[in-house]
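The data block below is run.cif; it holds mmCIF, C-alpha atoms.
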data_model
#
loop_
_atom_site.label_atom_id
_atom_site.label_comp_id
_atom_site.auth_asym_id
_atom_site.auth_seq_id
_atom_site.Cartn_x
_atom_site.Cartn_y
_atom_site.Cartn_z
CA MET A 1 -1.03 -3.61 -42.81
CA GLU A 2 -3.07 -1.91 -40.10
CA ILE A 3 -4.93 -5.17 -39.43
CA LEU A 4 -1.63 -7.02 -39.01
CA LEU A 5 -0.33 -4.35 -36.62
CA THR A 6 -3.54 -4.57 -34.57
CA ILE A 7 -3.36 -8.37 -34.37
CA GLY A 8 0.32 -8.20 -33.44
CA ALA A 9 -0.37 -5.64 -30.71
CA ILE A 10 -3.20 -7.77 -29.27
CA VAL A 11 -0.99 -10.87 -29.24
CA ALA A 12 1.80 -8.89 -27.55
CA CYS A 13 -0.65 -7.65 -24.88
CA VAL A 14 -1.86 -11.17 -24.13
CA LEU A 15 1.71 -12.46 -23.88
CA LEU A 16 2.88 -9.62 -21.62
CA PHE A 17 -0.08 -9.85 -19.26
CA SER A 18 0.06 -13.66 -19.22
CA PHE A 19 3.76 -13.47 -18.37
CA ALA A 20 3.01 -11.26 -15.35
CA ILE A 21 0.40 -13.78 -14.17
CA PHE A 22 2.74 -16.69 -14.88
CA ILE A 23 5.49 -15.14 -12.73
CA HIS A 24 3.03 -14.60 -9.87
CA GLU A 25 1.67 -18.14 -9.95
CA PHE A 26 5.12 -19.62 -10.53
CA GLY A 27 6.18 -18.01 -7.23
CA HIS A 28 3.41 -19.91 -5.41
CA PHE A 29 4.15 -23.08 -7.36
CA LEU A 30 7.91 -23.06 -6.74
CA ALA A 31 7.54 -22.39 -3.01
CA ALA A 32 4.89 -25.09 -2.59
CA ARG A 33 6.99 -27.71 -4.40
CA LYS A 34 10.14 -26.79 -2.46
CA LEU A 35 8.26 -27.06 0.85
CA GLY A 36 6.76 -30.46 -0.03
CA MET A 37 3.15 -29.33 -0.48
CA LYS A 38 0.79 -31.03 -2.90
CA VAL A 39 -0.02 -29.13 -6.13
CA ASP A 40 -3.13 -30.20 -8.05
CA ALA A 41 -3.11 -27.64 -10.86
CA PHE A 42 -1.23 -24.69 -12.30
CA SER A 43 -3.47 -22.44 -14.39
CA ILE A 44 -3.14 -19.25 -16.39
CA GLY A 45 -6.67 -17.84 -16.25
CA PHE A 46 -9.81 -18.89 -14.36
CA GLY A 47 -12.82 -21.03 -15.16
CA PRO A 48 -13.09 -24.00 -17.57
CA ALA A 49 -9.84 -25.26 -19.08
CA LEU A 50 -9.26 -24.55 -22.78
CA TRP A 51 -6.10 -26.69 -22.71
CA LYS A 52 -4.65 -28.94 -20.03
CA LYS A 53 -1.92 -31.51 -19.57
CA THR A 54 -0.87 -33.50 -16.49
CA VAL A 55 2.84 -33.83 -15.72
CA ASP A 56 4.19 -35.40 -12.48
CA GLY A 57 0.76 -35.22 -10.88
CA VAL A 58 0.25 -31.51 -11.68
CA GLU A 59 -2.44 -30.47 -14.17
CA TYR A 60 -1.19 -27.51 -16.22
CA ARG A 61 -4.00 -25.40 -17.70
CA ILE A 62 -4.83 -22.46 -19.89
CA SER A 63 -8.32 -21.43 -18.77
CA ALA A 64 -11.17 -19.49 -20.35
CA ILE A 65 -11.03 -16.26 -18.32
CA PRO A 66 -7.60 -14.73 -19.04
CA PHE A 67 -7.50 -12.06 -16.31
CA GLY A 68 -5.79 -13.99 -13.55
CA GLY A 69 -4.57 -17.44 -12.67
CA TYR A 70 -4.02 -19.79 -9.78
CA VAL A 71 -2.10 -22.69 -8.31
CA ALA A 72 -4.49 -25.26 -6.80
CA LEU A 73 -3.06 -26.27 -3.41
CA PRO A 74 -5.48 -28.64 -1.63
CA GLU A 75 -3.60 -28.28 1.65
CA LEU A 76 -3.89 -24.50 1.58
CA ASP A 77 -6.77 -23.33 -0.64
CA PRO A 78 -10.11 -22.53 1.02
CA GLU A 79 -13.05 -24.51 -0.34
CA GLY A 80 -14.65 -21.24 -1.42
CA THR A 81 -12.09 -20.67 -4.15
CA LYS A 82 -12.89 -23.92 -6.00
CA GLY A 83 -15.60 -22.33 -8.13
CA LEU A 84 -13.29 -19.46 -9.07
CA GLU A 85 -10.67 -22.00 -10.10
CA GLY A 86 -13.12 -24.04 -12.20
CA GLN A 87 -12.89 -26.99 -9.80
CA SER A 88 -16.29 -26.81 -8.16
CA GLY A 89 -17.58 -30.15 -7.12
CA LYS A 90 -14.11 -31.62 -6.66
CA LYS A 91 -13.02 -32.78 -3.25
CA ASP A 92 -9.58 -33.51 -1.94
CA GLU A 93 -8.81 -37.18 -2.11
CA ALA A 94 -7.40 -37.18 1.39
CA GLU A 95 -6.33 -34.84 4.13
CA PRO A 96 -2.57 -34.38 4.41
CA ALA A 97 -0.88 -36.80 6.77
CA LYS A 98 0.64 -33.93 8.75
CA PRO A 99 -0.78 -30.44 9.20
CA ILE A 100 1.04 -27.80 7.18
CA GLU A 101 3.06 -25.51 9.42
CA PRO A 102 1.71 -21.94 9.31
CA TRP A 103 5.11 -20.46 8.40
CA LYS A 104 5.05 -22.55 5.22
CA LYS A 105 1.63 -21.15 4.37
CA VAL A 106 2.96 -17.61 4.82
CA ILE A 107 5.90 -18.27 2.51
CA VAL A 108 3.82 -19.92 -0.21
CA ALA A 109 1.20 -17.13 -0.15
CA PHE A 110 3.84 -14.38 -0.14
CA MET A 111 5.93 -15.81 -2.98
CA GLY A 112 3.27 -14.96 -5.61
CA PRO A 113 3.38 -11.18 -5.01
CA PHE A 114 7.14 -11.47 -4.50
CA GLY A 115 7.41 -12.91 -8.02
CA ASN A 116 5.70 -9.79 -9.39
CA ILE A 117 8.02 -7.57 -7.37
CA VAL A 118 11.05 -9.38 -8.77
CA LEU A 119 9.76 -8.94 -12.33
CA ALA A 120 9.07 -5.24 -11.68
CA VAL A 121 12.60 -4.72 -10.35
CA VAL A 122 14.12 -6.51 -13.35
CA LEU A 123 12.06 -4.38 -15.76
CA ALA A 124 12.96 -1.14 -13.94
CA PHE A 125 16.71 -1.84 -14.08
CA ALA A 126 16.48 -3.08 -17.69
CA LEU A 127 14.63 0.08 -18.81
CA ALA A 128 17.26 2.22 -17.09
CA LEU A 129 19.90 0.68 -19.37
CA ILE A 130 17.99 1.20 -22.65
CA PRO A 131 19.05 4.41 -24.43
CA GLY A 132 15.84 4.52 -26.49
CA ALA A 133 13.54 4.55 -23.44
CA ARG A 134 12.18 8.04 -22.77
CA PHE A 135 11.87 9.35 -19.23
CA GLY A 136 10.78 12.64 -17.71
CA GLU A 137 8.26 14.34 -15.46
CA LEU A 138 6.06 17.31 -16.27
CA MET A 139 6.07 19.68 -13.31
CA ALA A 140 2.81 21.02 -11.89
CA GLU A 141 3.38 24.50 -13.32
CA ILE A 142 0.62 26.35 -15.13
CA GLY A 143 1.49 27.47 -18.64
CA SER A 144 -1.85 28.97 -19.70
CA VAL A 145 -5.44 29.23 -18.47
CA PRO A 146 -8.36 29.56 -20.94
CA GLU A 147 -10.79 32.36 -20.08
CA GLU A 148 -13.70 29.96 -19.83
CA GLY A 149 -13.16 27.05 -17.46
CA PRO A 150 -12.93 26.03 -13.79
CA ALA A 151 -9.26 27.04 -13.44
CA HIS A 152 -9.93 30.62 -14.62
CA GLU A 153 -13.05 30.87 -12.49
CA GLY A 154 -11.07 29.70 -9.45
CA GLY A 155 -8.34 32.29 -9.96
CA LEU A 156 -5.53 30.10 -11.30
CA LYS A 157 -3.00 32.05 -13.39
CA ALA A 158 -0.20 31.30 -15.82
CA GLY A 159 3.08 30.86 -13.95
CA ASP A 160 1.45 29.44 -10.81
CA LYS A 161 3.18 26.38 -9.40
CA VAL A 162 0.73 23.96 -7.74
CA VAL A 163 2.22 22.64 -4.51
CA GLU A 164 -0.82 21.12 -2.80
CA VAL A 165 -4.34 19.91 -3.62
CA ASN A 166 -6.79 19.11 -0.81
CA GLY A 167 -3.96 18.81 1.70
CA HIS A 168 -1.90 16.44 -0.43
CA ALA A 169 1.47 17.65 -1.66
CA VAL A 170 1.93 17.52 -5.43
CA ARG A 171 5.06 18.01 -7.49
CA THR A 172 4.22 16.76 -10.97
CA TRP A 173 1.35 17.31 -13.39
CA THR A 174 0.31 13.66 -13.02
CA GLU A 175 0.10 13.95 -9.22
CA MET A 176 -2.05 17.08 -9.61
CA GLN A 177 -4.34 15.31 -12.07
CA THR A 178 -4.71 12.37 -9.67
CA GLU A 179 -5.87 14.68 -6.88
CA VAL A 180 -8.33 16.38 -9.26
CA GLN A 181 -9.84 12.98 -10.15
CA LEU A 182 -10.11 12.00 -6.47
CA ALA A 183 -11.86 15.30 -5.68
CA GLY A 184 -14.46 14.62 -8.37
CA GLY A 185 -16.68 17.64 -8.91
CA LYS A 186 -16.31 18.90 -5.34
CA PRO A 187 -14.44 22.16 -4.68
CA ALA A 188 -10.74 21.35 -4.28
CA ALA A 189 -8.33 23.50 -2.28
CA PHE A 190 -5.35 24.38 -4.48
CA VAL A 191 -2.27 25.86 -2.83
CA VAL A 192 -0.10 27.54 -5.48
CA ASP A 193 3.25 29.24 -5.34
CA ARG A 194 2.70 32.62 -7.02
CA GLY A 195 5.93 34.58 -7.20
CA GLY A 196 7.24 33.11 -3.94
CA THR A 197 3.97 33.54 -2.03
CA ASN A 198 1.56 30.69 -1.32
CA VAL A 199 -2.01 31.42 -2.42
CA THR A 200 -5.01 29.16 -1.68
CA LEU A 201 -7.70 28.79 -4.34
CA SER A 202 -10.93 26.80 -4.56
CA ILE A 203 -11.48 25.08 -7.92
CA SER A 204 -14.31 22.74 -8.92
CA ALA A 205 -13.41 20.50 -11.86
CA LYS A 206 -15.81 19.77 -14.71
CA GLN A 207 -16.44 16.30 -16.06
CA GLU A 208 -15.74 15.31 -19.65
CA PRO A 209 -18.81 13.28 -20.73
CA ALA A 210 -17.10 10.66 -22.89
CA SER A 211 -14.31 9.53 -20.54
CA GLY A 212 -15.92 10.56 -17.26
CA ALA A 213 -12.62 12.22 -16.25
CA TRP A 214 -12.49 15.53 -14.39
CA PHE A 215 -10.61 18.56 -15.74
CA ILE A 216 -9.87 22.06 -14.42
CA MET A 217 -9.06 23.37 -17.94
CA ALA A 218 -5.50 24.55 -17.42
CA PHE A 219 -2.48 23.74 -19.54
CA SER A 220 1.03 22.90 -18.46
CA THR A 221 4.23 24.67 -19.39
CA THR A 222 6.02 23.37 -22.46
CA ASN A 223 7.57 19.97 -21.84
CA ALA A 224 11.10 20.23 -23.24
CA LEU A 225 11.48 16.46 -22.89
CA GLY A 226 8.66 15.72 -25.28
CA ARG A 227 5.71 13.50 -24.51
CA THR A 228 6.65 10.88 -21.91
CA ALA A 229 4.43 8.31 -20.20
CA ALA A 230 3.40 9.05 -16.61
CA TRP A 231 4.90 5.75 -15.40
CA MET A 232 8.30 6.66 -16.87
CA PRO A 233 9.25 9.40 -14.39
CA SER A 234 12.98 8.79 -14.14
CA ARG A 235 15.76 6.65 -15.53
CA ASN A 236 16.58 5.83 -11.90
CA PRO A 237 14.96 2.38 -11.37
CA LEU A 238 14.29 3.05 -7.68
CA LYS A 239 12.31 6.18 -8.56
CA GLN A 240 10.33 4.19 -11.11
CA LEU A 241 9.37 1.63 -8.45
CA GLN A 242 8.63 4.39 -5.94
CA TRP A 243 6.25 6.04 -8.41
CA ASP A 244 4.49 2.70 -9.03
CA THR A 245 4.10 2.05 -5.31
CA MET A 246 2.91 5.50 -4.29
CA SER A 247 0.38 5.62 -7.15
CA ILE A 248 -1.50 2.52 -5.97
CA VAL A 249 -1.08 3.43 -2.29
CA ARG A 250 -2.66 6.85 -2.95
CA VAL A 251 -5.70 5.21 -4.61
CA LEU A 252 -6.09 2.73 -1.73
CA GLN A 253 -5.82 5.60 0.74
CA ALA A 254 -8.57 7.45 -1.12
CA LEU A 255 -10.81 4.37 -1.12
CA ALA A 256 -10.42 4.18 2.65
CA THR A 257 -11.20 7.90 3.13
CA PRO A 258 -14.97 8.58 3.26
CA LYS A 259 -14.87 11.97 1.53
CA GLU A 260 -12.74 10.60 -1.34
CA ALA A 261 -14.07 7.04 -1.58
CA GLY A 262 -16.92 7.81 -4.00
CA ALA A 263 -14.76 9.64 -6.56
CA ALA A 264 -11.97 7.06 -6.18
CA ALA A 265 -14.37 4.18 -6.83
CA LYS A 266 -15.75 5.89 -9.94
CA ALA A 267 -12.23 6.48 -11.25
CA LEU A 268 -11.20 2.84 -10.86
CA GLY A 269 -10.45 0.96 -14.05
CA GLY A 270 -11.13 -2.73 -14.56
CA PRO A 271 -9.72 -5.47 -16.80
CA VAL A 272 -10.89 -3.81 -20.02
CA MET A 273 -9.24 -0.49 -19.17
CA ILE A 274 -6.03 -2.27 -18.18
CA ALA A 275 -6.07 -4.21 -21.46
CA GLU A 276 -6.70 -1.03 -23.47
CA GLY A 277 -3.92 0.77 -21.60
CA LEU A 278 -1.44 -2.00 -22.33
CA TYR A 279 -2.59 -2.19 -25.97
CA ASN A 280 -2.13 1.57 -26.46
CA GLN A 281 1.39 1.41 -25.02
CA VAL A 282 2.35 -1.56 -27.20
CA ARG A 283 1.20 0.41 -30.28
CA ARG A 284 3.03 3.52 -29.10
CA ASN A 285 6.40 2.29 -27.89
CA VAL A 286 7.77 -1.06 -26.71
CA TRP A 287 9.68 0.58 -23.83
CA ASP A 288 6.57 2.40 -22.59
CA ALA A 289 4.74 -0.94 -22.76
CA LEU A 290 7.40 -2.58 -20.58
CA GLY A 291 7.16 0.36 -18.18
CA PHE A 292 3.40 -0.11 -18.01
CA LEU A 293 3.93 -3.82 -17.33
CA ARG A 294 6.31 -2.90 -14.50
CA PHE A 295 3.63 -0.61 -13.08
CA LEU A 296 1.03 -3.41 -13.36
CA CYS A 297 3.33 -5.88 -11.56
CA VAL A 298 3.73 -3.55 -8.58
CA ASN A 299 -0.05 -3.05 -8.53
CA LEU A 300 -0.66 -6.81 -8.64
CA ALA A 301 1.78 -7.40 -5.80
CA ILE A 302 0.30 -4.75 -3.49
CA LEU A 303 -3.35 -5.61 -4.23
CA ASN A 304 -2.74 -9.32 -3.68
CA LEU A 305 -1.17 -8.61 -0.28
CA LEU A 306 -4.34 -6.90 1.01
CA PRO A 307 -5.70 -8.90 3.99
CA ILE A 308 -8.83 -10.04 2.17
CA PRO A 309 -10.02 -13.66 1.88
CA VAL A 310 -9.42 -15.15 -1.61
CA LEU A 311 -6.35 -12.91 -2.01
CA ASP A 312 -2.86 -13.94 -0.90
CA GLY A 313 -3.03 -11.41 1.92
CA GLY A 314 -6.04 -13.21 3.36
CA LEU A 315 -4.17 -16.53 3.44
CA ILE A 316 -1.22 -14.80 5.10
CA LEU A 317 -3.54 -13.26 7.70
CA PHE A 318 -5.08 -16.64 8.60
CA ALA A 319 -1.64 -18.27 8.75
CA LEU A 320 -0.22 -15.52 10.98
CA TYR A 321 -3.19 -15.90 13.33
CA GLU A 322 -2.44 -19.62 13.55
CA LEU A 323 1.27 -18.94 14.05
CA LEU A 324 0.71 -16.44 16.87
CA THR A 325 -2.16 -18.13 18.71
CA ARG A 326 -1.28 -21.79 18.00
CA ARG A 327 -4.91 -22.24 16.97
CA LYS A 328 -6.31 -22.69 13.48
CA VAL A 329 -9.02 -20.44 12.14
CA PRO A 330 -12.09 -22.71 11.88
CA ARG A 331 -12.25 -24.26 8.42
CA LYS A 332 -15.93 -23.41 8.01
CA LEU A 333 -15.19 -19.74 8.74
CA VAL A 334 -12.35 -19.66 6.21
CA ASP A 335 -14.47 -21.40 3.56
CA GLY A 336 -17.48 -19.17 4.24
CA LEU A 337 -15.49 -15.94 4.06
CA SER A 338 -13.67 -17.05 0.92
CA GLN A 339 -17.00 -17.94 -0.71
CA ILE A 340 -18.50 -14.55 0.14
CA PHE A 341 -15.49 -12.59 -1.08
CA MET A 342 -15.22 -14.75 -4.18
CA TRP A 343 -18.72 -13.70 -5.25
CA LEU A 344 -18.04 -10.09 -4.28
CA PHE A 345 -14.86 -10.23 -6.35
CA LEU A 346 -16.69 -11.66 -9.38
CA GLY A 347 -19.49 -9.11 -8.99
CA LEU A 348 -16.97 -6.28 -8.84
CA MET A 349 -15.25 -7.59 -11.97
CA ILE A 350 -18.57 -7.68 -13.83
CA VAL A 351 -19.39 -4.10 -12.79
CA LEU A 352 -15.93 -2.86 -13.77
CA VAL A 353 -16.02 -4.65 -17.12
CA CYS A 354 -19.47 -3.21 -17.96
CA ARG A 355 -18.37 0.27 -16.92
CA ASP A 356 -15.11 -0.01 -18.87
CA VAL A 357 -16.94 -1.14 -22.01
CA SER A 358 -19.45 1.70 -21.71
CA ARG A 359 -16.69 4.28 -21.17
CA SER A 360 -14.66 2.86 -24.05
CA ARG A 361 -17.64 3.04 -26.41
CA ARG A 362 -18.31 6.67 -25.45
CA MET A 363 -14.67 7.61 -25.97
CA HIS A 364 -14.45 5.88 -29.36
CA LYS A 365 -17.71 7.54 -30.46
CA ALA A 366 -16.42 10.96 -29.39
CA ALA A 367 -13.11 10.33 -31.18
CA ASN A 368 -14.90 9.32 -34.38
CA GLU A 369 -17.15 12.39 -34.23
CA PHE A 370 -14.09 14.60 -33.71
CA GLU A 371 -12.37 12.99 -36.70
CA VAL A 372 -15.44 13.55 -38.89
CA ARG A 373 -15.65 17.21 -37.82
CA SER A 374 -11.94 17.68 -38.51
CA ARG A 375 -12.30 16.24 -42.02
CA GLU A 376 -15.34 18.43 -42.70
CA GLU A 377 -13.50 21.54 -41.49
CA ALA A 378 -10.46 20.65 -43.60
CA ALA A 379 -12.67 20.15 -46.67
CA HIS A 380 -14.40 23.48 -46.03
CA ARG A 381 -11.06 25.27 -45.73
CA ALA A 382 -9.86 23.69 -48.96
CA TRP A 383 -13.07 24.84 -50.67
CA VAL A 384 -12.58 28.40 -49.39
CA GLU A 385 -8.92 28.40 -50.42
CA SER A 386 -9.92 27.45 -53.95
CA PHE A 387 -11.74 30.79 -54.30
CA LYS A 388 -8.85 32.97 -53.14
CA PRO A 389 -7.23 33.52 -56.56
CA ALA A 390 -10.56 34.38 -58.18
CA PHE A 391 -11.61 36.94 -55.54
CA ASN A 392 -8.13 38.17 -54.57
CA LEU A 393 -8.58 37.05 -50.94
CA GLU A 394 -4.95 36.13 -50.25
CA GLY A 395 -4.67 38.68 -47.46
CA ALA A 396 -8.11 38.29 -45.98
CA ASP A 397 -8.65 36.52 -42.69
CA ASP A 398 -11.20 33.77 -42.06
CA LYS A 399 -13.80 36.12 -40.59
CA ALA A 400 -13.62 38.50 -43.56
CA ARG A 401 -14.13 35.60 -45.94
#
Any chance you could put this one into structure tokens?
Amino acid sequence: MEILLTIGAIVACVLLFSFAIFIHEFGHFLAARKLGMKVDAFSIGFGPALWKKTVDGVEYRISAIPFGGYVALPELDPEGTKGLEGQSGKKDEAEPAKPIEPWKKVIVAFMGPFGNIVLAVVLAFALALIPGARFGELMAEIGSVPEEGPAHEGGLKAGDKVVEVNGHAVRTWTEMQTEVQLAGGKPAAFVVDRGGTNVTLSISAKQEPASGAWFIMAFSTTNALGRTAAWMPSRNPLKQLQWDTMSIVRVLQALATPKEAGAAAKALGGPVMIAEGLYNQVRRNVWDALGFLRFLCVNLAILNLLPIPVLDGGLILFALYELLTRRKVPRKLVDGLSQIFMWLFLGLMIVLVCRDVSRSRRMHKAANEFEVRSREEAAHRAWVESFKPAFNLEGADDKAR
């Protein structure tokens, strides 16, 4: 039964992620067709085609690398993206009879991220209407502080309400944890509300070896709502979308800030971590999985709009330059930049995948070791309990035994 559940969860993950990619690429595809642009291929995934079929001059594909997709537009795509799309070596049969107006290029490039935004909005409003979906935020209020740990050493006390970390306002436990991760092991300035008075503390988090995450070793107050996912902050769909947006914006801001960039880069997750996150949510709760998909869609939309060659934002940037100056960006420059960033993109993906796999292996090993220790401790307790009647130890504590 467990094997069937695992297979079902994996299939569900693939379908959900593929649907998000399909919506993105369908936005490009629909806009290009409506504006009369030529479409060579529509692919879910990158690289060599595992399956393909040509209909009305468009080659529909399912490709080998599942994390992504593309619509091949010969009138718009830089030559540097051909290798990424598995079309290296192919050349356009002919240049278009008329140059494509730059405003059309902007619309076609923008409609991909817009498709993800539409899907995110639909999911947010749908989740708001589902009674079984659980929402709630855990406030950044300290419930207890172990005697040994960074929080105790830094002076944090039970009842403190964290209002700011390193100059960034925090309201929820998740926001506080984000700032702790972005600080890494460096001393972080905590501003806490202690009985109506703001107190500033310096706390240096410690790293957990298996996951690589940073912790201050403090526990929250009891969550009366029960355990809710971080990306399910409110039944209000607008607040859901706001949380999604501000989460990715905060990470991008950290990457662009020299003192936070290192820790932010180390905290980044790649395709494997995303897949594991989606898998865990599918196994946990279908509504949390849809909330995670909504969060991913907002992330995909914002990241794709960054003004970087190969991404949609890069195409929009080139088109806006042409629109404003009435001059095209030289084709060789566009192709060269797209080629460079394509290889940087692939290199980054390889690094992130390797790091994700290494982190995942460490975490699974630590979890297995913990499970073994727990079983051994339970067996030892059972063995000790078996001697209680014989030695009249019913009232004795563990230390006495």
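Distance annotation: of A:Pro309, A:Pro237, A:Ala140, A:Ile216, the residue with the minimal separation from Leu333 in chain A is A:Pro309; atom set is all atoms listed in the file.
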| said: Residues within 6 Å of range 350-364 of chain A, please, as JSON, numbers by chain. Count only C-alpha atoms; anything in the same chain fewer than 6 positions from it doesn't count. | reply: {"A": [210, 211, 270, 272, 273]}
Check which residues of range 202-318 of chain A sit at most 10 Å from range 122-133 of chain A using all atoms listed in the file, and return one row each with the closest pair of atoms and their distance in Å to one decimal, ordered by chain and rising number, as a Markdown table.
| residue | atom | partner | partner_atom | distance |
| --- | --- | --- | --- | --- |
| A:Thr228 | CA | A:Ala133 | CA | 9.5 |
| A:Met232 | CA | A:Ala133 | CA | 8.7 |
| A:Ser234 | CA | A:Ala128 | CA | 8.4 |
| A:Arg235 | CA | A:Ala128 | CA | 4.9 |
| A:Asn236 | CA | A:Ala128 | CA | 6.4 |
| A:Pro237 | CA | A:Ala124 | CA | 4.8 |
| A:Leu238 | CA | A:Ala124 | CA | 7.6 |
| A:Lys239 | CA | A:Ala124 | CA | 9.1 |
| A:Gln240 | CA | A:Ala124 | CA | 6.6 |
| A:Leu241 | CA | A:Ala124 | CA | 7.1 |
| A:Asn285 | CA | A:Ala133 | CA | 8.7 |
| A:Val286 | CA | A:Ala133 | CA | 8.7 |
| A:Trp287 | CA | A:Ala133 | CA | 5.6 |
| A:Asp288 | CA | A:Ala133 | CA | 7.3 |
| A:Leu290 | CA | A:Leu123 | CA | 6.9 |
| A:Gly291 | CA | A:Leu123 | CA | 7.2 |
| A:Phe292 | CA | A:Leu123 | CA | 9.9 |
| A:Leu293 | CA | A:Leu123 | CA | 8.3 |
| A:Arg294 | CA | A:Leu123 | CA | 6.1 |
| A:Phe295 | CA | A:Ala124 | CA | 9.4 |
| A:Cys297 | CA | A:Leu123 | CA | 9.8 |
| note | Computed gap from CA of Ala205 in chain A to CA of Ala151 in chain A is 7.9 Å
| query | Which residues match the PyMOL selection byres ((chain A and resi 255-264) around 7) in the file above, as an MDAnalysis selection string? | reply | chainID A and resid 181:184 251:254 265:268
| request: Would you write out, as a PyMOL selection string, every residue that the PyMOL selection byres ((chain A and resi 155-159) around 12) captures in this file? | output: chain A and resi 139-154+160-162+189-196+199-204+216-222
Enclose the full set of atoms of range 235-244 of chain A listed in the file within a box whose edges lie along x, y and z, apply 8 Å of padding to each of the six sides, and report centre and edge lengths in Å to one decimal as JSON.
{"center_x": 10.5, "center_y": 4.1, "center_z": -10.7, "size_x": 28.1, "size_y": 21.0, "size_z": 25.6}
Applied to this file, what does the PyMOL selection byres ((chain A and resi 64) around 10) return in terms of residues, put as a compact mmCIF listing (two decimals) with C-alpha atoms, in the frame of the given file?
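Saved as part_36.txt:
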# COMPACT_ATOMS: atom_id res chain seq x y z
CA ILE A 44 -3.14 -19.25 -16.39
CA GLY A 45 -6.67 -17.84 -16.25
CA PHE A 46 -9.81 -18.89 -14.36
CA GLY A 47 -12.82 -21.03 -15.16
CA PRO A 48 -13.09 -24.00 -17.57
CA ALA A 49 -9.84 -25.26 -19.08
CA LEU A 50 -9.26 -24.55 -22.78
CA TRP A 51 -6.10 -26.69 -22.71
CA ARG A 61 -4.00 -25.40 -17.70
CA ILE A 62 -4.83 -22.46 -19.89
CA SER A 63 -8.32 -21.43 -18.77
CA ILE A 65 -11.03 -16.26 -18.32
CA PRO A 66 -7.60 -14.73 -19.04
CA PHE A 67 -7.50 -12.06 -16.31
CA GLY A 86 -13.12 -24.04 -12.20
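Nearest to Leu337 in chain A of all the residues A:Val298, A:Val310, A:Val55, A:Ile316 is A:Val310, counting all atoms listed in the file.
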| remark: Expressed in Å, the length from CA of Ala366 in chain A to CA of Glu175 in chain A is 26.2 Å
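CA of Ala188 in chain A sits 5.7 Å away from CA of Asn166 in chain A.
With all atoms listed in the file as the atoms that count, the minimum distance from Thr54 in chain A to the choices A:Asp40, A:Leu303, A:Glu75, A:Pro99 is reached by A:Asp40.
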For the interface of range 11-66 of chain A with range 100-121 of chain A (cut-off 6 Å, counting all atoms listed in the file), please tabulate each contacting residue of range 11-66 of chain A alongside its nearest pair of atoms and their separation in Å to one decimal, rows sorted by chain and increasing number, as a tab-separated table.
residue	atom	partner	partner_atom	distance
A:Ile23	CA	A:Gly115	CA	5.6
A:His24	CA	A:Gly112	CA	4.3
A:Glu25	CA	A:Gly112	CA	5.6
A:Gly27	CA	A:Gly112	CA	4.5
A:His28	CA	A:Gly112	CA	5.0
A:Ala31	CA	A:Val108	CA	5.3
A:Ala32	CA	A:Val108	CA	5.8
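Distance check against Phe22 in chain A using all atoms listed in the file: of A:Trp173, A:Phe135, A:Tyr60, A:Phe345, the minimum falls on A:Tyr60.
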